[in-house]
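Asks: One file is attached below, query_21.pdb, containing PDB, C-alpha atoms, pLDDT in the B column.
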```pdb
MODEL        1
ATOM      1  CA  ASP A   1     -24.526 -40.869 -83.865  1.00 72.00           C
ATOM      2  CA  ALA A   2     -25.481 -37.544 -82.342  1.00 84.00           C
ATOM      3  CA  ARG A   3     -23.541 -36.811 -79.197  1.00 93.00           C
ATOM      4  CA  VAL A   4     -22.944 -34.160 -76.575  1.00 97.00           C
ATOM      5  CA  THR A   5     -19.484 -32.672 -76.985  1.00 97.00           C
ATOM      6  CA  GLN A   6     -17.539 -31.268 -74.061  1.00 98.00           C
ATOM      7  CA  THR A   7     -14.268 -29.362 -74.136  1.00 97.00           C
ATOM      8  CA  PRO A   8     -11.659 -29.536 -72.804  1.00 97.00           C
ATOM      9  CA  ARG A   9     -11.496 -33.184 -71.747  1.00 97.00           C
ATOM     10  CA  HIS A  10      -8.878 -32.407 -69.150  1.00 97.00           C
ATOM     11  CA  LYS A  11      -7.901 -29.181 -67.450  1.00 98.00           C
ATOM     12  CA  VAL A  12      -5.199 -28.564 -64.888  1.00 98.00           C
ATOM     13  CA  THR A  13      -5.041 -25.106 -63.403  1.00 97.00           C
ATOM     14  CA  GLU A  14      -3.803 -23.270 -60.370  1.00 97.00           C
ATOM     15  CA  MET A  15      -5.941 -21.997 -57.570  1.00 97.00           C
ATOM     16  CA  GLY A  16      -7.352 -18.578 -58.325  1.00 97.00           C
ATOM     17  CA  GLN A  17      -7.429 -18.998 -62.086  1.00 97.00           C
ATOM     18  CA  GLU A  18     -10.567 -18.765 -64.178  1.00 97.00           C
ATOM     19  CA  VAL A  19     -11.808 -21.999 -65.722  1.00 98.00           C
ATOM     20  CA  THR A  20     -14.280 -22.224 -68.597  1.00 98.00           C
ATOM     21  CA  MET A  21     -15.854 -25.498 -69.649  1.00 98.00           C
ATOM     22  CA  ARG A  22     -17.875 -25.767 -72.843  1.00 98.00           C
ATOM     23  CA  CYS A  23     -20.643 -28.031 -73.987  1.00 98.00           C
ATOM     24  CA  GLN A  24     -22.284 -28.491 -77.366  1.00 98.00           C
ATOM     25  CA  PRO A  25     -25.673 -30.150 -76.852  1.00 97.00           C
ATOM     26  CA  ILE A  26     -27.252 -32.442 -79.402  1.00 95.00           C
ATOM     27  CA  LEU A  27     -28.822 -30.444 -82.213  1.00 94.00           C
ATOM     28  CA  GLY A  28     -32.499 -29.930 -81.508  1.00 91.00           C
ATOM     29  CA  HIS A  29     -32.291 -30.602 -77.780  1.00 92.00           C
ATOM     30  CA  ASN A  30     -33.600 -27.703 -75.730  1.00 88.00           C
ATOM     31  CA  THR A  31     -32.657 -28.766 -72.208  1.00 91.00           C
ATOM     32  CA  VAL A  32     -29.082 -28.704 -70.958  1.00 93.00           C
ATOM     33  CA  PHE A  33     -27.823 -29.906 -67.595  1.00 94.00           C
ATOM     34  CA  TRP A  34     -24.511 -29.467 -65.786  1.00 96.00           C
ATOM     35  CA  TYR A  35     -23.453 -32.131 -63.286  1.00 96.00           C
ATOM     36  CA  ARG A  36     -20.371 -32.465 -61.117  1.00 97.00           C
ATOM     37  CA  GLN A  37     -18.976 -35.799 -59.977  1.00 96.00           C
ATOM     38  CA  THR A  38     -16.601 -36.440 -57.093  1.00 95.00           C
ATOM     39  CA  MET A  39     -15.785 -39.594 -55.176  1.00 91.00           C
ATOM     40  CA  MET A  40     -17.272 -38.173 -52.001  1.00 91.00           C
ATOM     41  CA  GLN A  41     -20.473 -36.609 -53.339  1.00 91.00           C
ATOM     42  CA  GLY A  42     -21.175 -38.652 -56.445  1.00 92.00           C
ATOM     43  CA  LEU A  43     -23.118 -36.971 -59.265  1.00 94.00           C
ATOM     44  CA  GLU A  44     -24.557 -33.609 -58.256  1.00 94.00           C
ATOM     45  CA  LEU A  45     -26.783 -31.409 -60.383  1.00 93.00           C
ATOM     46  CA  LEU A  46     -25.370 -27.903 -60.616  1.00 95.00           C
ATOM     47  CA  ALA A  47     -27.737 -26.159 -63.024  1.00 93.00           C
ATOM     48  CA  TYR A  48     -30.036 -26.689 -65.941  1.00 90.00           C
ATOM     49  CA  PHE A  49     -31.526 -24.736 -68.798  1.00 91.00           C
ATOM     50  CA  ARG A  50     -34.530 -24.968 -71.036  1.00 89.00           C
ATOM     51  CA  ASN A  51     -34.620 -23.047 -74.270  1.00 90.00           C
ATOM     52  CA  ARG A  52     -31.424 -21.321 -73.088  1.00 91.00           C
ATOM     53  CA  ALA A  53     -33.129 -19.919 -69.986  1.00 91.00           C
ATOM     54  CA  PRO A  54     -31.836 -21.052 -66.591  1.00 89.00           C
ATOM     55  CA  LEU A  55     -34.468 -23.079 -64.727  1.00 86.00           C
ATOM     56  CA  ASP A  56     -32.541 -24.010 -61.627  1.00 85.00           C
ATOM     57  CA  ASP A  57     -29.008 -23.245 -60.511  1.00 86.00           C
ATOM     58  CA  SER A  58     -29.504 -23.915 -56.827  1.00 86.00           C
ATOM     59  CA  GLY A  59     -26.836 -26.610 -56.858  1.00 88.00           C
ATOM     60  CA  MET A  60     -24.157 -24.173 -57.877  1.00 91.00           C
ATOM     61  CA  PRO A  61     -21.955 -22.084 -55.553  1.00 88.00           C
ATOM     62  CA  LYS A  62     -23.162 -18.660 -56.643  1.00 86.00           C
ATOM     63  CA  ASP A  63     -20.130 -16.674 -55.631  1.00 92.00           C
ATOM     64  CA  ARG A  64     -17.729 -18.392 -58.007  1.00 96.00           C
ATOM     65  CA  PHE A  65     -19.709 -20.453 -60.512  1.00 96.00           C
ATOM     66  CA  SER A  66     -21.720 -19.200 -63.449  1.00 96.00           C
ATOM     67  CA  ALA A  67     -23.523 -21.056 -66.214  1.00 96.00           C
ATOM     68  CA  GLU A  68     -24.783 -19.588 -69.455  1.00 95.00           C
ATOM     69  CA  MET A  69     -26.073 -20.518 -72.875  1.00 95.00           C
ATOM     70  CA  PRO A  70     -24.900 -17.854 -75.315  1.00 93.00           C
ATOM     71  CA  ASP A  71     -26.763 -19.673 -78.058  1.00 93.00           C
ATOM     72  CA  ALA A  72     -28.574 -22.957 -78.627  1.00 92.00           C
ATOM     73  CA  THR A  73     -25.394 -24.745 -79.640  1.00 95.00           C
ATOM     74  CA  LEU A  74     -23.206 -23.736 -76.719  1.00 97.00           C
ATOM     75  CA  ALA A  75     -23.420 -23.987 -72.946  1.00 97.00           C
ATOM     76  CA  THR A  76     -20.629 -22.743 -70.696  1.00 97.00           C
ATOM     77  CA  LEU A  77     -19.733 -23.305 -67.069  1.00 97.00           C
ATOM     78  CA  LYS A  78     -17.254 -20.881 -65.544  1.00 97.00           C
ATOM     79  CA  ILE A  79     -15.455 -20.963 -62.240  1.00 97.00           C
ATOM     80  CA  GLN A  80     -13.769 -17.787 -61.075  1.00 97.00           C
ATOM     81  CA  PRO A  81     -11.709 -17.977 -58.961  1.00 96.00           C
ATOM     82  CA  SER A  82     -11.118 -21.725 -58.935  1.00 97.00           C
ATOM     83  CA  GLU A  83     -10.277 -23.579 -55.734  1.00 97.00           C
ATOM     84  CA  PRO A  84      -8.802 -27.033 -55.081  1.00 97.00           C
ATOM     85  CA  ARG A  85     -12.195 -28.257 -53.826  1.00 96.00           C
ATOM     86  CA  ASP A  86     -13.581 -27.646 -57.328  1.00 97.00           C
ATOM     87  CA  SER A  87     -11.501 -30.549 -58.625  1.00 97.00           C
ATOM     88  CA  ALA A  88     -13.994 -32.977 -60.120  1.00 97.00           C
ATOM     89  CA  VAL A  89     -15.387 -34.301 -63.377  1.00 98.00           C
ATOM     90  CA  TYR A  90     -17.982 -31.971 -64.852  1.00 98.00           C
ATOM     91  CA  PHE A  91     -20.607 -33.499 -67.123  1.00 98.00           C
ATOM     92  CA  CYS A  92     -22.973 -31.809 -69.503  1.00 97.00           C
ATOM     93  CA  ALA A  93     -26.164 -33.525 -70.633  1.00 95.00           C
ATOM     94  CA  SER A  94     -28.884 -32.572 -73.069  1.00 94.00           C
ATOM     95  CA  GLY A  95     -32.421 -33.741 -73.708  1.00 90.00           C
ATOM     96  CA  PRO A  96     -35.417 -32.950 -75.911  1.00 84.00           C
ATOM     97  CA  GLY A  97     -37.115 -31.245 -72.980  1.00 72.00           C
ATOM     98  CA  GLN A  98     -40.458 -33.034 -72.972  1.00 68.00           C
ATOM     99  CA  GLY A  99     -40.121 -34.507 -69.491  1.00 60.00           C
ATOM    100  CA  PHE A 100     -40.280 -38.202 -70.344  1.00 63.00           C
ATOM    101  CA  GLU A 101     -37.180 -38.576 -72.365  1.00 71.00           C
ATOM    102  CA  LYS A 102     -33.704 -39.836 -71.724  1.00 85.00           C
ATOM    103  CA  LEU A 103     -30.741 -37.546 -71.254  1.00 90.00           C
ATOM    104  CA  PHE A 104     -27.560 -37.800 -73.265  1.00 94.00           C
ATOM    105  CA  PHE A 105     -24.326 -37.143 -71.411  1.00 96.00           C
ATOM    106  CA  GLY A 106     -21.016 -35.891 -72.702  1.00 97.00           C
ATOM    107  CA  SER A 107     -17.688 -37.471 -71.820  1.00 97.00           C
ATOM    108  CA  GLY A 108     -16.985 -34.871 -69.175  1.00 97.00           C
ATOM    109  CA  THR A 109     -14.257 -32.395 -68.328  1.00 98.00           C
ATOM    110  CA  GLN A 110     -11.833 -33.607 -65.686  1.00 98.00           C
ATOM    111  CA  LEU A 111     -10.740 -30.548 -63.732  1.00 98.00           C
ATOM    112  CA  SER A 112      -7.782 -30.471 -61.385  1.00 98.00           C
ATOM    113  CA  VAL A 113      -7.160 -27.292 -59.402  1.00 98.00           C
ATOM    114  CA  LEU A 114      -3.747 -27.249 -57.748  1.00 96.00           C
TER     115      LEU A 114
ATOM    116  CA  ASP B   1     -38.470 -37.198 -55.941  1.00 64.00           C
ATOM    117  CA  ALA B   2     -38.764 -40.630 -54.322  1.00 67.00           C
ATOM    118  CA  LYS B   3     -35.652 -42.049 -52.691  1.00 88.00           C
ATOM    119  CA  THR B   4     -34.155 -45.282 -54.024  1.00 94.00           C
ATOM    120  CA  THR B   5     -32.102 -47.967 -52.299  1.00 96.00           C
ATOM    121  CA  GLN B   6     -29.681 -50.181 -54.195  1.00 97.00           C
ATOM    122  CA  PRO B   7     -27.048 -52.691 -53.111  1.00 97.00           C
ATOM    123  CA  THR B   8     -23.588 -51.183 -53.089  1.00 97.00           C
ATOM    124  CA  SER B   9     -22.078 -53.872 -55.283  1.00 97.00           C
ATOM    125  CA  MET B  10     -22.863 -57.071 -57.146  1.00 97.00           C
ATOM    126  CA  ASP B  11     -20.951 -59.659 -59.109  1.00 97.00           C
ATOM    127  CA  CYS B  12     -22.019 -61.620 -62.156  1.00 96.00           C
ATOM    128  CA  ALA B  13     -20.415 -64.251 -64.348  1.00 97.00           C
ATOM    129  CA  GLU B  14     -20.005 -63.428 -68.001  1.00 97.00           C
ATOM    130  CA  GLY B  15     -22.845 -64.855 -70.077  1.00 97.00           C
ATOM    131  CA  ARG B  16     -25.191 -65.065 -67.108  1.00 97.00           C
ATOM    132  CA  ALA B  17     -28.125 -62.799 -66.413  1.00 97.00           C
ATOM    133  CA  ALA B  18     -27.419 -59.878 -64.101  1.00 98.00           C
ATOM    134  CA  ASN B  19     -30.384 -58.924 -61.917  1.00 98.00           C
ATOM    135  CA  LEU B  20     -30.018 -55.552 -60.236  1.00 98.00           C
ATOM    136  CA  PRO B  21     -32.627 -54.697 -57.606  1.00 98.00           C
ATOM    137  CA  CYS B  22     -33.884 -51.287 -56.593  1.00 97.00           C
ATOM    138  CA  ASN B  23     -36.209 -50.376 -53.772  1.00 97.00           C
ATOM    139  CA  HIS B  24     -38.407 -47.285 -54.137  1.00 95.00           C
ATOM    140  CA  SER B  25     -41.078 -47.817 -51.524  1.00 94.00           C
ATOM    141  CA  THR B  26     -42.123 -44.145 -51.438  1.00 92.00           C
ATOM    142  CA  ILE B  27     -42.735 -43.855 -55.158  1.00 92.00           C
ATOM    143  CA  SER B  28     -45.726 -41.764 -56.212  1.00 88.00           C
ATOM    144  CA  GLY B  29     -48.280 -42.619 -58.844  1.00 87.00           C
ATOM    145  CA  ASN B  30     -46.861 -40.239 -61.431  1.00 84.00           C
ATOM    146  CA  GLU B  31     -43.224 -41.175 -60.939  1.00 88.00           C
ATOM    147  CA  TYR B  32     -41.256 -43.210 -63.449  1.00 90.00           C
ATOM    148  CA  VAL B  33     -38.367 -45.563 -62.733  1.00 93.00           C
ATOM    149  CA  TYR B  34     -35.256 -44.833 -64.791  1.00 93.00           C
ATOM    150  CA  TRP B  35     -32.032 -46.806 -65.074  1.00 96.00           C
ATOM    151  CA  TYR B  36     -28.737 -45.335 -66.170  1.00 97.00           C
ATOM    152  CA  ARG B  37     -25.267 -46.773 -66.059  1.00 98.00           C
ATOM    153  CA  GLN B  38     -21.819 -45.241 -65.962  1.00 97.00           C
ATOM    154  CA  ILE B  39     -18.871 -47.090 -67.360  1.00 96.00           C
ATOM    155  CA  HIS B  40     -15.529 -45.996 -65.964  1.00 91.00           C
ATOM    156  CA  SER B  41     -14.396 -42.565 -67.217  1.00 85.00           C
ATOM    157  CA  GLN B  42     -17.554 -42.030 -69.274  1.00 94.00           C
ATOM    158  CA  GLY B  43     -20.725 -40.058 -68.795  1.00 96.00           C
ATOM    159  CA  PRO B  44     -23.886 -41.821 -67.621  1.00 96.00           C
ATOM    160  CA  GLN B  45     -25.810 -43.727 -70.290  1.00 96.00           C
ATOM    161  CA  TYR B  46     -29.558 -44.240 -70.412  1.00 94.00           C
ATOM    162  CA  ILE B  47     -30.682 -47.875 -70.262  1.00 96.00           C
ATOM    163  CA  ILE B  48     -34.438 -48.067 -69.824  1.00 95.00           C
ATOM    164  CA  HIS B  49     -37.411 -46.561 -68.001  1.00 93.00           C
ATOM    165  CA  GLY B  50     -40.936 -47.567 -67.047  1.00 93.00           C
ATOM    166  CA  LEU B  51     -44.031 -46.573 -65.111  1.00 92.00           C
ATOM    167  CA  LYS B  52     -45.800 -49.776 -64.081  1.00 91.00           C
ATOM    168  CA  ASN B  53     -45.562 -52.224 -66.936  1.00 87.00           C
ATOM    169  CA  ASN B  54     -42.519 -54.335 -67.580  1.00 94.00           C
ATOM    170  CA  GLU B  55     -40.325 -52.938 -70.307  1.00 96.00           C
ATOM    171  CA  THR B  56     -37.722 -54.429 -72.622  1.00 97.00           C
ATOM    172  CA  ASN B  57     -35.341 -52.908 -75.108  1.00 95.00           C
ATOM    173  CA  GLU B  58     -32.144 -53.955 -76.840  1.00 95.00           C
ATOM    174  CA  MET B  59     -30.090 -53.346 -73.721  1.00 94.00           C
ATOM    175  CA  ALA B  60     -32.139 -54.700 -70.847  1.00 97.00           C
ATOM    176  CA  SER B  61     -35.476 -55.569 -69.269  1.00 98.00           C
ATOM    177  CA  LEU B  62     -37.153 -53.719 -66.436  1.00 98.00           C
ATOM    178  CA  ILE B  63     -39.458 -55.569 -64.096  1.00 98.00           C
ATOM    179  CA  ILE B  64     -41.582 -53.409 -61.790  1.00 97.00           C
ATOM    180  CA  THR B  65     -43.553 -55.038 -58.991  1.00 96.00           C
ATOM    181  CA  GLU B  66     -47.298 -54.651 -58.974  1.00 95.00           C
ATOM    182  CA  ASP B  67     -47.212 -52.297 -55.986  1.00 95.00           C
ATOM    183  CA  ARG B  68     -44.391 -50.374 -57.733  1.00 95.00           C
ATOM    184  CA  LYS B  69     -42.306 -50.311 -54.577  1.00 95.00           C
ATOM    185  CA  SER B  70     -39.389 -52.094 -56.162  1.00 96.00           C
ATOM    186  CA  SER B  71     -37.957 -52.973 -59.537  1.00 97.00           C
ATOM    187  CA  THR B  72     -35.276 -55.147 -61.097  1.00 98.00           C
ATOM    188  CA  LEU B  73     -33.063 -54.364 -64.034  1.00 98.00           C
ATOM    189  CA  ILE B  74     -32.111 -57.472 -65.965  1.00 98.00           C
ATOM    190  CA  LEU B  75     -29.156 -57.712 -68.298  1.00 98.00           C
ATOM    191  CA  PRO B  76     -29.940 -61.068 -69.929  1.00 96.00           C
ATOM    192  CA  HIS B  77     -26.423 -62.064 -70.991  1.00 95.00           C
ATOM    193  CA  ALA B  78     -23.871 -59.959 -69.172  1.00 97.00           C
ATOM    194  CA  THR B  79     -20.547 -59.240 -70.839  1.00 97.00           C
ATOM    195  CA  LEU B  80     -17.351 -57.765 -69.469  1.00 97.00           C
ATOM    196  CA  ARG B  81     -18.352 -54.443 -71.054  1.00 96.00           C
ATOM    197  CA  ASP B  82     -21.384 -54.320 -68.771  1.00 97.00           C
ATOM    198  CA  THR B  83     -19.115 -53.717 -65.787  1.00 98.00           C
ATOM    199  CA  ALA B  84     -20.277 -50.301 -64.577  1.00 98.00           C
ATOM    200  CA  VAL B  85     -22.139 -48.393 -61.894  1.00 97.00           C
ATOM    201  CA  TYR B  86     -25.885 -48.788 -62.358  1.00 98.00           C
ATOM    202  CA  TYR B  87     -28.196 -46.055 -61.116  1.00 97.00           C
ATOM    203  CA  CYS B  88     -31.881 -46.479 -60.355  1.00 96.00           C
ATOM    204  CA  ILE B  89     -33.674 -43.109 -60.389  1.00 93.00           C
ATOM    205  CA  VAL B  90     -37.265 -42.231 -59.698  1.00 91.00           C
ATOM    206  CA  ARG B  91     -38.712 -38.970 -60.927  1.00 84.00           C
ATOM    207  CA  PRO B  92     -42.035 -37.501 -61.992  1.00 76.00           C
ATOM    208  CA  ALA B  93     -42.954 -37.209 -65.623  1.00 68.00           C
ATOM    209  CA  GLY B  94     -43.471 -33.799 -67.153  1.00 64.00           C
ATOM    210  CA  GLY B  95     -43.928 -30.771 -64.968  1.00 62.00           C
ATOM    211  CA  THR B  96     -40.982 -28.454 -64.637  1.00 62.00           C
ATOM    212  CA  SER B  97     -38.333 -31.118 -64.173  1.00 61.00           C
ATOM    213  CA  TYR B  98     -37.749 -31.416 -67.951  1.00 62.00           C
ATOM    214  CA  GLY B  99     -35.729 -34.552 -67.543  1.00 66.00           C
ATOM    215  CA  LYS B 100     -33.826 -33.581 -64.403  1.00 76.00           C
ATOM    216  CA  LEU B 101     -32.192 -36.604 -62.779  1.00 84.00           C
ATOM    217  CA  THR B 102     -31.077 -36.974 -59.165  1.00 87.00           C
ATOM    218  CA  PHE B 103     -28.423 -39.668 -58.862  1.00 91.00           C
ATOM    219  CA  GLY B 104     -27.806 -41.822 -55.795  1.00 91.00           C
ATOM    220  CA  GLN B 105     -24.746 -43.962 -55.175  1.00 93.00           C
ATOM    221  CA  GLY B 106     -25.811 -46.763 -57.502  1.00 96.00           C
ATOM    222  CA  THR B 107     -24.720 -50.402 -57.681  1.00 98.00           C
ATOM    223  CA  ILE B 108     -21.251 -51.322 -58.842  1.00 97.00           C
ATOM    224  CA  LEU B 109     -21.718 -54.348 -61.101  1.00 98.00           C
ATOM    225  CA  THR B 110     -18.610 -56.371 -61.827  1.00 98.00           C
ATOM    226  CA  VAL B 111     -18.860 -58.985 -64.555  1.00 98.00           C
ATOM    227  CA  HIS B 112     -16.256 -61.734 -64.220  1.00 96.00           C
ATOM    228  CA  PRO B 113     -14.879 -63.920 -67.035  1.00 95.00           C
TER     229      PRO B 113
ENDMDL
END
```
Is it possible to give me this structure as structure tokens?
Replies:
Amino acid sequence: DARVTQTPRHKVTEMGQEVTMRCQPILGHNTVFWYRQTMMQGLELLAYFRNRAPLDDSGMPKDRFSAEMPDATLATLKIQPSEPRDSAVYFCASGPGQGFEKLFFGSGTQLSVL
Amino acid sequence: DAKTTQPTSMDCAEGRAANLPCNHSTISGNEYVYWYRQIHSQGPQYIIHGLKNNETNEMASLIITEDRKSSTLILPHATLRDTAVYYCIVRPAGGTSYGKLTFGQGTILTVHP
């Protein structure tokens, strides 16, 4: 089955370090979403792309977070510098981009910032 | 997007039907009802969606009231693997949302042996 692939699955880092999370969307999907999940806030939308162009990144702290799609097969989410409050599970999802369809989520990257 | 209200938690016996309610009294005419679930340590998984007619697929049935202000997700024969958080989401079709989903707190469904 086609699936969204996220790497790494787990990441432990120290405060101040740069963190890069990667996502390979399902082949042919042209929308990509980044979500963050914490116990306190639940699932929050950080940013999303259509045809590699960012549509909305208002959910993302601009000073330290950046999201890009270098090509159609790769989406990245970077945090620099990382802080303990960034500890969360980060999910990537992709969809065909027609507005009615279901989204497919990856297994997430569990980030711990010490 | 319309706000949804779901019970915080529900229990169900294995083999029985699980009926998960969702209130969306402010839903607009062009907004669909979507259901996703999240099993522990996994990403959310699509279950079903509908506009105003009842829908059924291999996973579940979706019953939407005639006034569209509430809906019920039915898992006809719940198994232990159905234990998860179930999210009811309302969002407009098309436009610039391109599938964007806004998650609430969901309902924690626990299926007991």
Asks: Return the single residue from B:Pro44, B:Gly50, B:Pro76, B:Gly15 that is closest to chain A, with distances computed using only C-alpha atoms.
Replies: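 That would be B:Pro44, the residue with the smallest distance to chain A.
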Asks: Give as a ChimeraX atom specification the residues that the PyMOL selection byres ((chain A) within 12 of (chain B)) matches when applied to the coordinates above.
Replies: /A:3-6,9-10,29-51,54-56,59,88-110
Asks: Let me have the centre and edge lengths of the axis-aligned box enclosing all listed atoms of segment 40-53 of chain B with 8 Å padding on every side, in Å to one decimal, as AutoDock Vina command-line options.
Replies:
```
--center_x -30.1 --center_y -46.1 --center_z -67.2 --size_x 47.4 --size_y 28.2 --size_z 22.3
```
Asks: Separation of atom CA of Thr4 of chain B and atom CA of Arg37 of chain B, in Å?
Replies: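 Between atom CA of Thr4 of chain B and atom CA of Arg37 of chain B the gap is 15.0 Å.
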Asks: The PyMOL selection byres ((chain B and resi 54) around 6) - which residues does that actually catch in the file I just gave you? List them as a list in words.
Replies: Asn53, Glu55, Leu62, Ile63 and Ile64 of chain B
Asks: Put those residues in a file: C-alpha atoms, as a PDB file, in the coordinates of the input.
Replies:
```
ATOM      1  CA  ASN B  53     -45.562 -52.224 -66.936  1.00 87.00           C
ATOM      2  CA  GLU B  55     -40.325 -52.938 -70.307  1.00 96.00           C
ATOM      3  CA  LEU B  62     -37.153 -53.719 -66.436  1.00 98.00           C
ATOM      4  CA  ILE B  63     -39.458 -55.569 -64.096  1.00 98.00           C
ATOM      5  CA  ILE B  64     -41.582 -53.409 -61.790  1.00 97.00           C
TER       6      ILE B  64
END
```
Asks: Env of Ala13 of chain B: 10 Å cut, atoms = only C-alpha atoms, seq-sep filter 2 positions within chain, self excluded. Answer as a VMD selection string.
Replies: chain B and resid 11 15 to 18 77 to 80 110 to 113
Asks: For Met69 of chain A, which residue among A:Cys23, A:Val113, A:Met15, A:Ala2 is the nearest when counting all atoms listed in the file?
Replies: A:Cys23
Asks: In Å, rounded to a single decimal, give me how far atom CA of Lys62 of chain A is from atom CA of Ile89 of chain B.
Replies: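 Those two atoms sit 26.9 Å apart.
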Asks: For atom CA of Leu51 of chain B and atom CA of Tyr86 of chain B, determine how far apart the two atoms are, in Å to one decimal place.
Replies: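 Those two atoms sit 18.5 Å apart.
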Asks: Leaving out Lys52 of chain B and any residue of its chain fewer than 6 positions from it, which residues lie within 12 Å of it when counting only C-alpha atoms, given as number ranges by chain?
Replies: B: 27-34, 62-71
Asks: Under the PyMOL selection byres ((chain A and resi 67) around 8), which residues of this model are included? Write them out as a count of residues only.
Replies: 9
